[in-house]
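Asker: Sharing entry-v1.txt (compact mmCIF, C-alpha atoms) below.
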# COMPACT_ATOMS: atom_id res chain seq x y z
CA MET A 28 -42.69 21.33 -49.22
CA HIS A 29 -39.73 19.07 -48.38
CA GLU A 30 -38.55 16.05 -50.29
CA GLY A 31 -39.38 12.75 -48.67
CA PHE A 32 -36.79 10.18 -47.66
CA THR A 33 -36.42 7.05 -45.60
CA LEU A 34 -34.12 7.01 -42.60
CA TRP A 35 -33.53 3.35 -41.88
CA PHE A 36 -32.10 2.48 -38.47
CA THR A 37 -30.59 -0.95 -37.99
CA GLY A 38 -28.90 -2.45 -34.95
CA LEU A 39 -29.29 -4.80 -32.03
CA SER A 40 -32.08 -4.62 -29.48
CA GLY A 41 -31.31 -1.93 -26.93
CA ALA A 42 -28.65 -0.23 -29.06
CA GLY A 43 -30.66 3.00 -29.21
CA LYS A 44 -32.61 2.84 -32.50
CA SER A 45 -35.96 3.99 -31.12
CA THR A 46 -34.42 6.69 -28.94
CA LEU A 47 -32.53 8.19 -31.87
CA ALA A 48 -35.52 7.77 -34.20
CA GLN A 49 -37.68 9.76 -31.78
CA ARG A 50 -35.04 12.46 -31.32
CA ILE A 51 -34.70 12.94 -35.07
CA ALA A 52 -38.49 12.93 -35.46
CA THR A 53 -38.93 15.57 -32.77
CA HIS A 54 -36.21 17.75 -34.28
CA LEU A 55 -37.64 17.60 -37.79
CA ARG A 56 -41.31 17.96 -36.79
CA ALA A 57 -40.40 21.18 -34.96
CA ARG A 58 -39.08 22.41 -38.31
CA ASP A 59 -42.27 21.52 -40.20
CA TYR A 60 -41.16 18.28 -41.80
CA LYS A 61 -43.83 15.61 -42.06
CA VAL A 62 -42.48 12.61 -40.17
CA GLU A 63 -43.69 9.10 -39.42
CA VAL A 64 -41.79 6.73 -37.17
CA LEU A 65 -42.32 3.06 -38.01
CA ASP A 66 -41.14 1.40 -34.86
CA GLY A 67 -40.51 -2.33 -34.79
CA ASP A 68 -43.14 -3.09 -32.15
CA GLU A 69 -45.83 -0.83 -33.60
CA VAL A 70 -45.36 -2.29 -37.04
CA ARG A 71 -45.53 -5.84 -35.74
CA THR A 72 -48.93 -4.97 -34.23
CA ASN A 73 -50.36 -3.21 -37.27
CA LEU A 74 -48.80 -4.99 -40.22
CA SER A 75 -47.29 -8.23 -39.07
CA LYS A 76 -49.41 -9.76 -36.36
CA GLY A 77 -49.01 -13.52 -36.55
CA LEU A 78 -45.47 -13.37 -37.91
CA GLY A 79 -42.74 -14.90 -35.78
CA PHE A 80 -38.99 -14.48 -35.70
CA SER A 81 -37.83 -17.09 -38.21
CA LYS A 82 -35.63 -15.72 -41.00
CA GLU A 83 -38.57 -15.89 -43.40
CA ASP A 84 -40.95 -14.08 -41.07
CA ARG A 85 -38.37 -11.44 -40.21
CA ASP A 86 -37.78 -10.86 -43.91
CA THR A 87 -41.51 -10.50 -44.55
CA ASN A 88 -41.80 -8.02 -41.70
CA ILE A 89 -38.93 -5.92 -43.07
CA ARG A 90 -40.36 -5.98 -46.60
CA ARG A 91 -43.67 -4.65 -45.27
CA ILE A 92 -41.96 -1.85 -43.38
CA GLY A 93 -40.03 -1.08 -46.56
CA TYR A 94 -43.23 -0.96 -48.62
CA VAL A 95 -44.89 1.50 -46.24
CA ALA A 96 -41.71 3.60 -45.98
CA LYS A 97 -41.61 3.77 -49.77
CA LEU A 98 -45.23 4.93 -50.03
CA LEU A 99 -44.64 7.61 -47.41
CA SER A 100 -41.30 8.91 -48.61
CA ARG A 101 -42.32 9.18 -52.26
CA ASN A 102 -45.10 11.49 -51.07
CA GLY A 103 -42.84 13.94 -49.27
CA VAL A 104 -42.86 12.32 -45.83
CA VAL A 105 -39.78 11.52 -43.76
CA ALA A 106 -40.25 7.84 -42.93
CA ILE A 107 -38.07 6.74 -40.01
CA THR A 108 -37.88 3.02 -39.34
CA ALA A 109 -36.47 1.48 -36.19
CA ALA A 110 -36.63 -2.29 -36.55
CA ILE A 111 -33.62 -4.52 -35.84
CA SER A 112 -33.58 -5.60 -39.52
CA PRO A 113 -30.77 -8.10 -39.00
CA TYR A 114 -30.31 -9.35 -42.58
CA ARG A 115 -28.18 -7.41 -45.06
CA GLU A 116 -29.80 -8.84 -48.15
CA ILE A 117 -33.30 -7.67 -47.23
CA ARG A 118 -32.07 -4.24 -46.13
CA ASP A 119 -30.38 -3.92 -49.51
CA GLU A 120 -33.54 -5.07 -51.29
CA VAL A 121 -35.47 -2.32 -49.52
CA ARG A 122 -32.70 0.19 -50.29
CA ALA A 123 -33.03 -0.65 -53.99
CA SER A 124 -36.77 0.09 -53.92
CA ILE A 125 -36.58 3.53 -52.28
CA PRO A 126 -34.94 6.49 -54.04
CA ASN A 127 -33.84 8.46 -50.96
CA PHE A 128 -32.68 5.76 -48.59
CA VAL A 129 -30.34 6.55 -45.71
CA GLU A 130 -29.13 3.67 -43.57
CA VAL A 131 -28.01 4.35 -40.01
CA PHE A 132 -26.06 1.64 -38.26
CA VAL A 133 -26.62 1.95 -34.52
CA LYS A 134 -23.51 0.19 -33.28
CA CYS A 135 -23.02 -0.97 -29.72
CA PRO A 136 -20.95 -3.94 -28.47
CA LEU A 137 -22.91 -6.88 -27.13
CA GLU A 138 -21.17 -6.62 -23.72
CA GLU A 139 -22.49 -3.11 -23.31
CA LEU A 140 -26.02 -4.17 -24.32
CA VAL A 141 -25.90 -7.03 -21.82
CA ARG A 142 -24.74 -4.56 -19.17
CA ARG A 143 -27.59 -2.10 -19.97
CA ASP A 144 -30.26 -4.76 -20.57
CA VAL A 145 -33.08 -2.25 -20.04
CA LYS A 146 -35.84 -4.75 -20.79
CA GLY A 147 -34.10 -7.75 -19.19
CA LEU A 148 -34.18 -9.55 -22.55
CA TYR A 149 -30.47 -10.28 -22.87
CA LYS A 150 -30.38 -12.00 -19.50
CA ARG A 151 -33.25 -14.24 -20.58
CA ALA A 152 -31.74 -14.84 -24.02
CA LEU A 153 -28.34 -15.76 -22.55
CA ALA A 154 -30.08 -18.12 -20.12
CA GLY A 155 -31.70 -19.81 -23.11
CA GLU A 156 -35.20 -18.68 -22.15
CA ILE A 157 -35.69 -16.77 -25.42
CA GLN A 158 -34.91 -18.61 -28.65
CA GLY A 159 -33.60 -16.90 -31.77
CA PHE A 160 -32.60 -13.66 -30.09
CA THR A 161 -30.64 -11.42 -32.45
CA GLY A 162 -27.01 -11.07 -31.43
CA VAL A 163 -27.19 -13.96 -28.97
CA SER A 164 -28.73 -16.96 -30.70
CA ASP A 165 -29.69 -15.43 -34.05
CA PRO A 166 -27.43 -13.63 -36.54
CA TYR A 167 -27.03 -9.88 -36.97
CA GLU A 168 -25.35 -8.84 -40.20
CA GLU A 169 -23.70 -5.44 -39.87
CA PRO A 170 -24.16 -3.04 -42.79
CA LEU A 171 -21.10 -2.93 -45.05
CA ASN A 172 -21.58 0.63 -46.22
CA PRO A 173 -24.19 2.52 -44.19
CA GLU A 174 -24.59 6.25 -44.76
CA VAL A 175 -24.02 6.86 -41.04
CA THR A 176 -22.65 4.80 -38.17
CA VAL A 177 -23.32 5.94 -34.63
CA GLU A 178 -21.58 4.31 -31.68
CA THR A 179 -23.90 4.57 -28.76
CA ASP A 180 -21.38 3.27 -26.21
CA ARG A 181 -19.07 6.21 -26.98
CA GLU A 182 -21.35 9.05 -28.09
CA THR A 183 -24.12 10.85 -26.28
CA ALA A 184 -27.57 10.65 -27.85
CA GLU A 185 -27.16 14.33 -28.71
CA GLU A 186 -23.92 13.66 -30.59
CA SER A 187 -25.40 10.74 -32.51
CA THR A 188 -28.47 12.81 -33.40
CA ARG A 189 -26.30 15.62 -34.69
CA LYS A 190 -24.21 13.20 -36.76
CA ILE A 191 -27.34 11.83 -38.45
CA LEU A 192 -28.76 15.28 -39.13
CA ARG A 193 -25.44 16.41 -40.60
CA CYS A 194 -25.53 13.45 -42.98
CA LEU A 195 -29.07 14.38 -44.07
CA ALA A 196 -27.99 17.98 -44.69
CA ALA A 197 -24.89 16.84 -46.63
CA LYS A 198 -27.19 14.84 -48.90
CA GLY A 199 -29.48 17.82 -49.39
CA LEU A 200 -32.41 16.00 -47.76
CA ILE A 201 -32.78 18.64 -45.05
CA ALA A 202 -31.73 22.29 -45.16
CA GLU A 203 -28.45 23.38 -43.54
CA THR A 204 -30.56 25.88 -41.62
CA ASP A 205 -32.43 22.98 -40.03
CA LEU A 206 -29.31 21.66 -38.27
CA PRO A 207 -29.10 22.14 -34.53
CA PRO A 208 -26.87 25.05 -33.44
CA ALA A 209 -23.24 23.93 -33.07
CA MET B 15 -50.46 21.77 -49.92
CA HIS B 16 -53.74 19.88 -49.85
CA GLU B 17 -55.34 18.18 -46.91
CA GLY B 18 -55.07 14.40 -46.94
CA PHE B 19 -58.05 12.10 -46.88
CA THR B 20 -58.97 8.47 -47.44
CA LEU B 21 -61.34 7.54 -50.23
CA TRP B 22 -62.52 4.05 -49.37
CA PHE B 23 -64.19 2.06 -52.15
CA THR B 24 -66.22 -0.99 -51.20
CA GLY B 25 -68.20 -3.33 -53.39
CA LEU B 26 -68.27 -6.72 -55.04
CA SER B 27 -65.57 -8.06 -57.34
CA GLY B 28 -65.99 -6.60 -60.80
CA ALA B 29 -68.30 -3.78 -59.69
CA GLY B 30 -65.81 -1.14 -60.82
CA LYS B 31 -63.82 -0.18 -57.70
CA SER B 32 -60.37 -0.26 -59.31
CA THR B 33 -61.54 1.48 -62.48
CA LEU B 34 -63.09 4.35 -60.53
CA ALA B 35 -60.12 4.49 -58.13
CA GLN B 36 -57.77 4.92 -61.08
CA ARG B 37 -59.97 7.56 -62.72
CA ILE B 38 -60.12 9.61 -59.53
CA ALA B 39 -56.36 9.17 -59.03
CA THR B 40 -55.61 10.34 -62.57
CA HIS B 41 -57.90 13.35 -62.22
CA LEU B 42 -56.41 14.46 -58.91
CA ARG B 43 -52.76 13.81 -59.84
CA ALA B 44 -53.22 16.04 -62.88
CA ARG B 45 -54.22 18.76 -60.41
CA ASP B 46 -51.14 18.25 -58.22
CA TYR B 47 -52.67 16.20 -55.45
CA LYS B 48 -50.45 13.51 -53.99
CA VAL B 49 -52.32 10.25 -54.51
CA GLU B 50 -51.69 6.60 -53.66
CA VAL B 51 -54.00 3.82 -54.77
CA LEU B 52 -54.02 0.82 -52.46
CA ASP B 53 -55.53 -1.81 -54.66
CA GLY B 54 -56.74 -5.08 -53.21
CA ASP B 55 -54.35 -7.25 -55.18
CA GLU B 56 -51.29 -5.03 -54.71
CA VAL B 57 -51.89 -4.85 -50.99
CA ARG B 58 -52.29 -8.59 -50.71
CA THR B 59 -48.86 -8.96 -52.30
CA ASN B 60 -47.08 -6.35 -50.23
CA LEU B 61 -48.80 -6.46 -46.87
CA SER B 62 -50.82 -9.62 -46.59
CA LYS B 63 -49.06 -12.45 -48.36
CA GLY B 64 -50.02 -15.66 -46.61
CA LEU B 65 -53.45 -14.43 -45.55
CA GLY B 66 -56.45 -16.28 -46.94
CA PHE B 67 -60.08 -15.35 -47.32
CA SER B 68 -61.54 -16.45 -43.99
CA LYS B 69 -63.40 -13.71 -42.11
CA GLU B 70 -60.46 -13.31 -39.75
CA ASP B 71 -57.90 -13.04 -42.55
CA ARG B 72 -60.07 -10.64 -44.53
CA ASP B 73 -60.45 -8.48 -41.43
CA THR B 74 -56.69 -8.46 -40.88
CA ASN B 75 -56.12 -7.47 -44.49
CA ILE B 76 -58.58 -4.58 -44.21
CA ARG B 77 -57.06 -3.37 -40.93
CA ARG B 78 -53.63 -3.26 -42.59
CA ILE B 79 -54.95 -1.27 -45.53
CA GLY B 80 -56.62 1.05 -43.04
CA TYR B 81 -53.38 1.52 -41.12
CA VAL B 82 -51.44 2.47 -44.25
CA ALA B 83 -54.26 4.73 -45.48
CA LYS B 84 -54.23 6.49 -42.11
CA LEU B 85 -50.45 7.07 -42.24
CA LEU B 86 -50.71 8.46 -45.76
CA SER B 87 -53.76 10.65 -45.33
CA ARG B 88 -52.59 12.27 -42.10
CA ASN B 89 -49.54 13.39 -44.06
CA GLY B 90 -51.45 15.18 -46.79
CA VAL B 91 -51.79 12.30 -49.23
CA VAL B 92 -55.03 11.19 -50.88
CA ALA B 93 -55.16 7.47 -50.07
CA ILE B 94 -57.58 5.59 -52.33
CA THR B 95 -58.37 2.02 -51.39
CA ALA B 96 -60.11 -0.46 -53.65
CA ALA B 97 -60.51 -3.70 -51.74
CA ILE B 98 -63.85 -5.54 -51.57
CA SER B 99 -63.94 -4.97 -47.76
CA PRO B 100 -67.11 -6.99 -47.28
CA TYR B 101 -67.64 -6.53 -43.53
CA ARG B 102 -69.34 -3.43 -42.18
CA GLU B 103 -67.88 -3.66 -38.71
CA ILE B 104 -64.27 -3.53 -39.90
CA ARG B 105 -64.99 -0.73 -42.37
CA ASP B 106 -66.50 1.23 -39.50
CA GLU B 107 -63.51 0.44 -37.31
CA VAL B 108 -61.23 1.87 -40.00
CA ARG B 109 -63.54 4.87 -40.44
CA ALA B 110 -63.22 5.62 -36.72
CA SER B 111 -59.42 5.66 -36.97
CA ILE B 112 -59.14 8.10 -39.90
CA PRO B 113 -60.23 11.74 -39.59
CA ASN B 114 -61.13 12.38 -43.27
CA PHE B 115 -62.78 9.15 -44.32
CA VAL B 116 -65.05 9.01 -47.35
CA GLU B 117 -66.77 5.72 -48.13
CA VAL B 118 -67.88 5.02 -51.68
CA PHE B 119 -70.29 2.15 -52.21
CA VAL B 120 -69.81 0.78 -55.70
CA LYS B 121 -73.18 -0.84 -56.22
CA CYS B 122 -73.95 -3.29 -58.95
CA PRO B 123 -76.48 -6.16 -58.94
CA LEU B 124 -75.06 -9.66 -58.85
CA GLU B 125 -76.84 -10.58 -62.11
CA GLU B 126 -75.00 -7.80 -63.91
CA LEU B 127 -71.66 -8.90 -62.42
CA VAL B 128 -72.29 -12.46 -63.50
CA ARG B 129 -73.13 -11.20 -66.99
CA ARG B 130 -69.92 -9.10 -67.20
CA ASP B 131 -67.67 -11.63 -65.44
CA VAL B 132 -64.51 -10.04 -66.86
CA LYS B 133 -62.15 -12.40 -65.04
CA GLY B 134 -64.37 -15.49 -65.30
CA LEU B 135 -64.47 -15.71 -61.50
CA TYR B 136 -68.25 -15.65 -61.04
CA LYS B 137 -68.69 -18.59 -63.37
CA ARG B 138 -66.19 -20.59 -61.35
CA ALA B 139 -67.66 -19.44 -58.03
CA LEU B 140 -71.19 -20.35 -59.10
CA ALA B 141 -69.92 -23.75 -60.24
CA GLY B 142 -68.48 -24.26 -56.75
CA GLU B 143 -64.89 -24.19 -57.97
CA ILE B 144 -64.01 -21.19 -55.78
CA GLN B 145 -64.96 -21.35 -52.12
CA GLY B 146 -65.89 -18.31 -50.07
CA PHE B 147 -66.44 -15.97 -52.99
CA THR B 148 -67.95 -12.67 -51.85
CA GLY B 149 -71.53 -12.23 -53.05
CA VAL B 150 -71.86 -15.87 -54.08
CA SER B 151 -70.76 -18.07 -51.19
CA ASP B 152 -69.45 -15.45 -48.75
CA PRO B 153 -71.32 -12.46 -47.32
CA TYR B 154 -71.14 -8.86 -48.50
CA GLU B 155 -72.54 -6.31 -46.08
CA GLU B 156 -73.64 -3.14 -47.86
CA PRO B 157 -72.73 0.16 -46.20
CA LEU B 158 -75.66 1.68 -44.30
CA ASN B 159 -74.59 5.27 -44.73
CA PRO B 160 -71.80 5.71 -47.26
CA GLU B 161 -70.79 9.23 -48.29
CA VAL B 162 -71.41 8.30 -51.94
CA THR B 163 -73.17 5.47 -53.73
CA VAL B 164 -72.43 4.90 -57.40
CA GLU B 165 -74.50 2.47 -59.46
CA THR B 166 -72.25 1.12 -62.14
CA ASP B 167 -75.02 -0.73 -63.98
CA ARG B 168 -76.84 2.58 -64.59
CA GLU B 169 -74.10 5.23 -64.70
CA THR B 170 -71.16 5.67 -67.01
CA ALA B 171 -67.73 5.62 -65.38
CA GLU B 172 -67.55 9.33 -66.14
CA GLU B 173 -70.79 10.01 -64.27
CA SER B 174 -69.71 7.97 -61.27
CA THR B 175 -66.34 9.74 -61.21
CA ARG B 176 -68.00 13.13 -61.28
CA LYS B 177 -70.37 12.14 -58.46
CA ILE B 178 -67.46 11.15 -56.25
CA LEU B 179 -65.49 14.31 -57.03
CA ARG B 180 -68.54 16.44 -56.28
CA CYS B 181 -68.84 14.78 -52.89
CA LEU B 182 -65.16 15.53 -52.17
CA ALA B 183 -65.66 19.17 -53.15
CA ALA B 184 -68.81 19.44 -51.02
CA LYS B 185 -66.79 18.25 -48.04
CA GLY B 186 -64.06 20.77 -48.76
CA LEU B 187 -61.48 18.02 -49.39
CA ILE B 188 -60.80 19.19 -52.94
CA ALA B 189 -61.27 22.65 -54.40
CA GLU B 190 -64.40 23.46 -56.44
CA THR B 191 -61.99 24.56 -59.16
CA ASP B 192 -60.64 21.01 -59.31
CA LEU B 193 -63.99 19.59 -60.46
CA PRO B 194 -64.24 18.46 -64.08
CA PRO B 195 -66.03 20.96 -66.37
CA ALA B 196 -69.81 20.38 -66.34
In structure tokens, what does this structure look like?
Answerer:
Amino acid sequence: MHEGFTLWFTGLSGAGKSTLAQRIATHLRARDYKVEVLDGDEVRTNLSKGLGFSKEDRDTNIRRIGYVAKLLSRNGVVAITAAISPYREIRDEVRASIPNFVEVFVKCPLEELVRRDVKGLYKRALAGEIQGFTGVSDPYEEPLNPEVTVETDRETAEESTRKILRCLAAKGLIAETDLPPA
Amino acid sequence: MHEGFTLWFTGLSGAGKSTLAQRIATHLRARDYKVEVLDGDEVRTNLSKGLGFSKEDRDTNIRRIGYVAKLLSRNGVVAITAAISPYREIRDEVRASIPNFVEVFVKCPLEELVRRDVKGLYKRALAGEIQGFTGVSDPYEEPLNPEVTVETDRETAEESTRKILRCLAAKGLIAETDLPPA
């Protein structure tokens, strides 16, 4: 039986939060950890339908994700969240409510995100077709002291994944023997 | 490691859902089960602030509780819910989404609830001061085929608790050795 914890990804749309969340989940599930991924979109469907993207609604959405992550992780589950979570204050509020909280800042410069633009959202946001788009027309507050920072414009997904897993092992939240081979 | 399941209480306000939920939780925690109680009021604060008591809002509230109960119980946790959950269709929708779902109908005649009226709500509802109060001015649809029915006007809380635990043991969700002594 493993100890539960919350692995909280934060970063701009397209930075790689969901990709890394899924990679970590796959790695840990294969080693018999119980894992739930609370993805931004899935959570909006199941917990926050009707909420918009005002600061207040974003905060409410993040608090709900935090509540569910808390319930899961205090029962031995690895809760991995992958919502933009742009506001520092609410992330810190959630941090304060969860004993084993590990924040991962998925860092990627805006220019690179605009270049990738997998979903075509940045183009529309820059053209003014989407209002309140984080990083373009809505604020994103970088974490001041995250447990891990990954830079997805400079690292491969494999490198970032390894970095995160090493942090979890250093904190004693996963076993050293559960790290990927070097 | 125990198997997770969802114990879903349904019944009118004041019938005894929260009391029985807490008794079951206490009994199982003392026997090393992981247990979370999702009480109606707590959930409204953490997941459903802003929702009212229209049919649509009540349904949304119940779906959210169901989503969280599903996440917990598929990870080995006993999720106990204690919301009125007045509509059969939504309870059955939740049932369909959760593998180990046990519905407990907490049955108590309205006259008895009005007599008890611990929170003074029935008096106010009958006086027309509260609109849309389940059982008075809003519908309550009894379960057609719940796994357990407890009748809190005729049974002691201890008897009802035992009945529910026996049902869980009969389904193999708790061990026979975890039943209270006869």
Asker: Can you list every residue of chain B that has an atom at most 8 Å from chain A, with its nearest atom pair and the distance in Å to one decimal, using only C-alpha atoms, ordered by chain then number, as JSON lines?
Answerer:
{"residue": "B:Met15", "atom": "CA", "partner": "A:Met28", "partner_atom": "CA", "distance": 7.8}
{"residue": "B:Lys48", "atom": "CA", "partner": "A:Asn102", "partner_atom": "CA", "distance": 6.4}
{"residue": "B:Glu50", "atom": "CA", "partner": "A:Leu98", "partner_atom": "CA", "distance": 7.6}
{"residue": "B:Asn60", "atom": "CA", "partner": "A:Arg91", "partner_atom": "CA", "distance": 6.3}
{"residue": "B:Leu61", "atom": "CA", "partner": "A:Arg91", "partner_atom": "CA", "distance": 5.7}
{"residue": "B:Arg77", "atom": "CA", "partner": "A:Asn73", "partner_atom": "CA", "distance": 7.6}
{"residue": "B:Arg78", "atom": "CA", "partner": "A:Leu74", "partner_atom": "CA", "distance": 5.7}
{"residue": "B:Tyr81", "atom": "CA", "partner": "A:Asn73", "partner_atom": "CA", "distance": 6.8}
{"residue": "B:Val82", "atom": "CA", "partner": "A:Val95", "partner_atom": "CA", "distance": 6.9}
{"residue": "B:Leu85", "atom": "CA", "partner": "A:Glu63", "partner_atom": "CA", "distance": 7.6}
{"residue": "B:Leu86", "atom": "CA", "partner": "A:Leu99", "partner_atom": "CA", "distance": 6.3}
{"residue": "B:Asn89", "atom": "CA", "partner": "A:Lys61", "partner_atom": "CA", "distance": 6.4}
{"residue": "B:Val91", "atom": "CA", "partner": "A:Asn102", "partner_atom": "CA", "distance": 7.0}
Asker: Quick one: residues within 12 Å of stretch 158-164 of chain B, only C-alpha atoms counted, chain neighbours fewer than 6 positions away excluded, as a PyMOL selection string?
Answerer: chain B and resi 20-25+29-31+34+101-103+105-106+109+114-123+170-182+184-185
Asker: For atom CA of A:Val163 and atom CA of A:Arg181, determine how far apart the two atoms are, in Å to one decimal place.
Answerer: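 Calculated distance between atom CA of A:Val163 and atom CA of A:Arg181 is 21.8 Å.
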Asker: So how far away is atom CA of A:Gln49 from atom CA of A:Ile157, in Å?
Answerer: 27.4 Å
Asker: Just to confirm, what's the straight-line distance from atom CA of A:Pro166 to atom CA of A:Val121 in Å (one decimal)?
Answerer: 19.0 Å
Asker: Have stretch 105-113 of chain A completed to all heavy atoms, please, and pass it along as a CSV table (one decimal), in the coordinates of the input.
Answerer:
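Listed below is the output, rebuild_28.csv:
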chain,number,residue,atom,x,y,z
A,105,VAL,N,-41.0,12.1,-44.3
A,105,VAL,CA,-39.8,11.5,-43.8
A,105,VAL,C,-40.2,10.3,-43.0
A,105,VAL,O,-40.9,10.3,-42.0
A,105,VAL,CB,-39.1,12.5,-42.8
A,105,VAL,CG1,-37.8,11.8,-42.2
A,105,VAL,CG2,-38.7,13.8,-43.5
A,106,ALA,N,-39.9,9.1,-43.6
A,106,ALA,CA,-40.2,7.8,-42.9
A,106,ALA,C,-39.0,7.4,-42.2
A,106,ALA,O,-38.0,7.2,-42.7
A,106,ALA,CB,-40.7,6.8,-44.0
A,107,ILE,N,-39.2,7.2,-40.8
A,107,ILE,CA,-38.1,6.7,-40.0
A,107,ILE,C,-38.4,5.4,-39.5
A,107,ILE,O,-39.4,5.2,-38.8
A,107,ILE,CB,-37.8,7.7,-38.8
A,107,ILE,CG1,-37.6,9.1,-39.3
A,107,ILE,CG2,-36.7,7.3,-38.0
A,107,ILE,CD1,-37.4,10.2,-38.2
A,108,THR,N,-37.6,4.4,-39.8
A,108,THR,CA,-37.9,3.0,-39.3
A,108,THR,C,-36.9,2.6,-38.3
A,108,THR,O,-35.7,3.0,-38.3
A,108,THR,CB,-37.8,2.0,-40.5
A,108,THR,OG1,-36.5,1.8,-40.9
A,108,THR,CG2,-38.6,2.5,-41.7
A,109,ALA,N,-37.3,1.8,-37.3
A,109,ALA,CA,-36.5,1.5,-36.2
A,109,ALA,C,-36.7,0.0,-35.8
A,109,ALA,O,-36.9,-0.3,-34.7
A,109,ALA,CB,-36.7,2.4,-35.0
A,110,ALA,N,-36.5,-0.8,-36.8
A,110,ALA,CA,-36.6,-2.3,-36.6
A,110,ALA,C,-35.2,-2.9,-36.6
A,110,ALA,O,-34.3,-2.3,-37.3
A,110,ALA,CB,-37.5,-3.0,-37.6
A,111,ILE,N,-35.0,-3.9,-35.9
A,111,ILE,CA,-33.6,-4.5,-35.8
A,111,ILE,C,-33.1,-4.8,-37.3
A,111,ILE,O,-32.0,-4.4,-37.6
A,111,ILE,CB,-33.6,-5.9,-35.0
A,111,ILE,CG1,-34.0,-5.6,-33.6
A,111,ILE,CG2,-32.3,-6.6,-35.1
A,111,ILE,CD1,-34.2,-6.8,-32.7
A,112,SER,N,-33.9,-5.3,-38.1
A,112,SER,CA,-33.6,-5.6,-39.5
A,112,SER,C,-32.2,-6.2,-39.6
A,112,SER,O,-31.3,-5.6,-40.1
A,112,SER,CB,-33.7,-4.4,-40.4
A,112,SER,OG,-33.1,-3.2,-39.9
A,113,PRO,N,-32.1,-7.5,-39.2
A,113,PRO,CA,-30.8,-8.1,-39.0
A,113,PRO,C,-30.1,-8.6,-40.3
A,113,PRO,O,-28.9,-8.8,-40.3
A,113,PRO,CB,-31.1,-9.3,-38.1
A,113,PRO,CG,-32.5,-9.6,-38.4
A,113,PRO,CD,-33.2,-8.3,-38.6
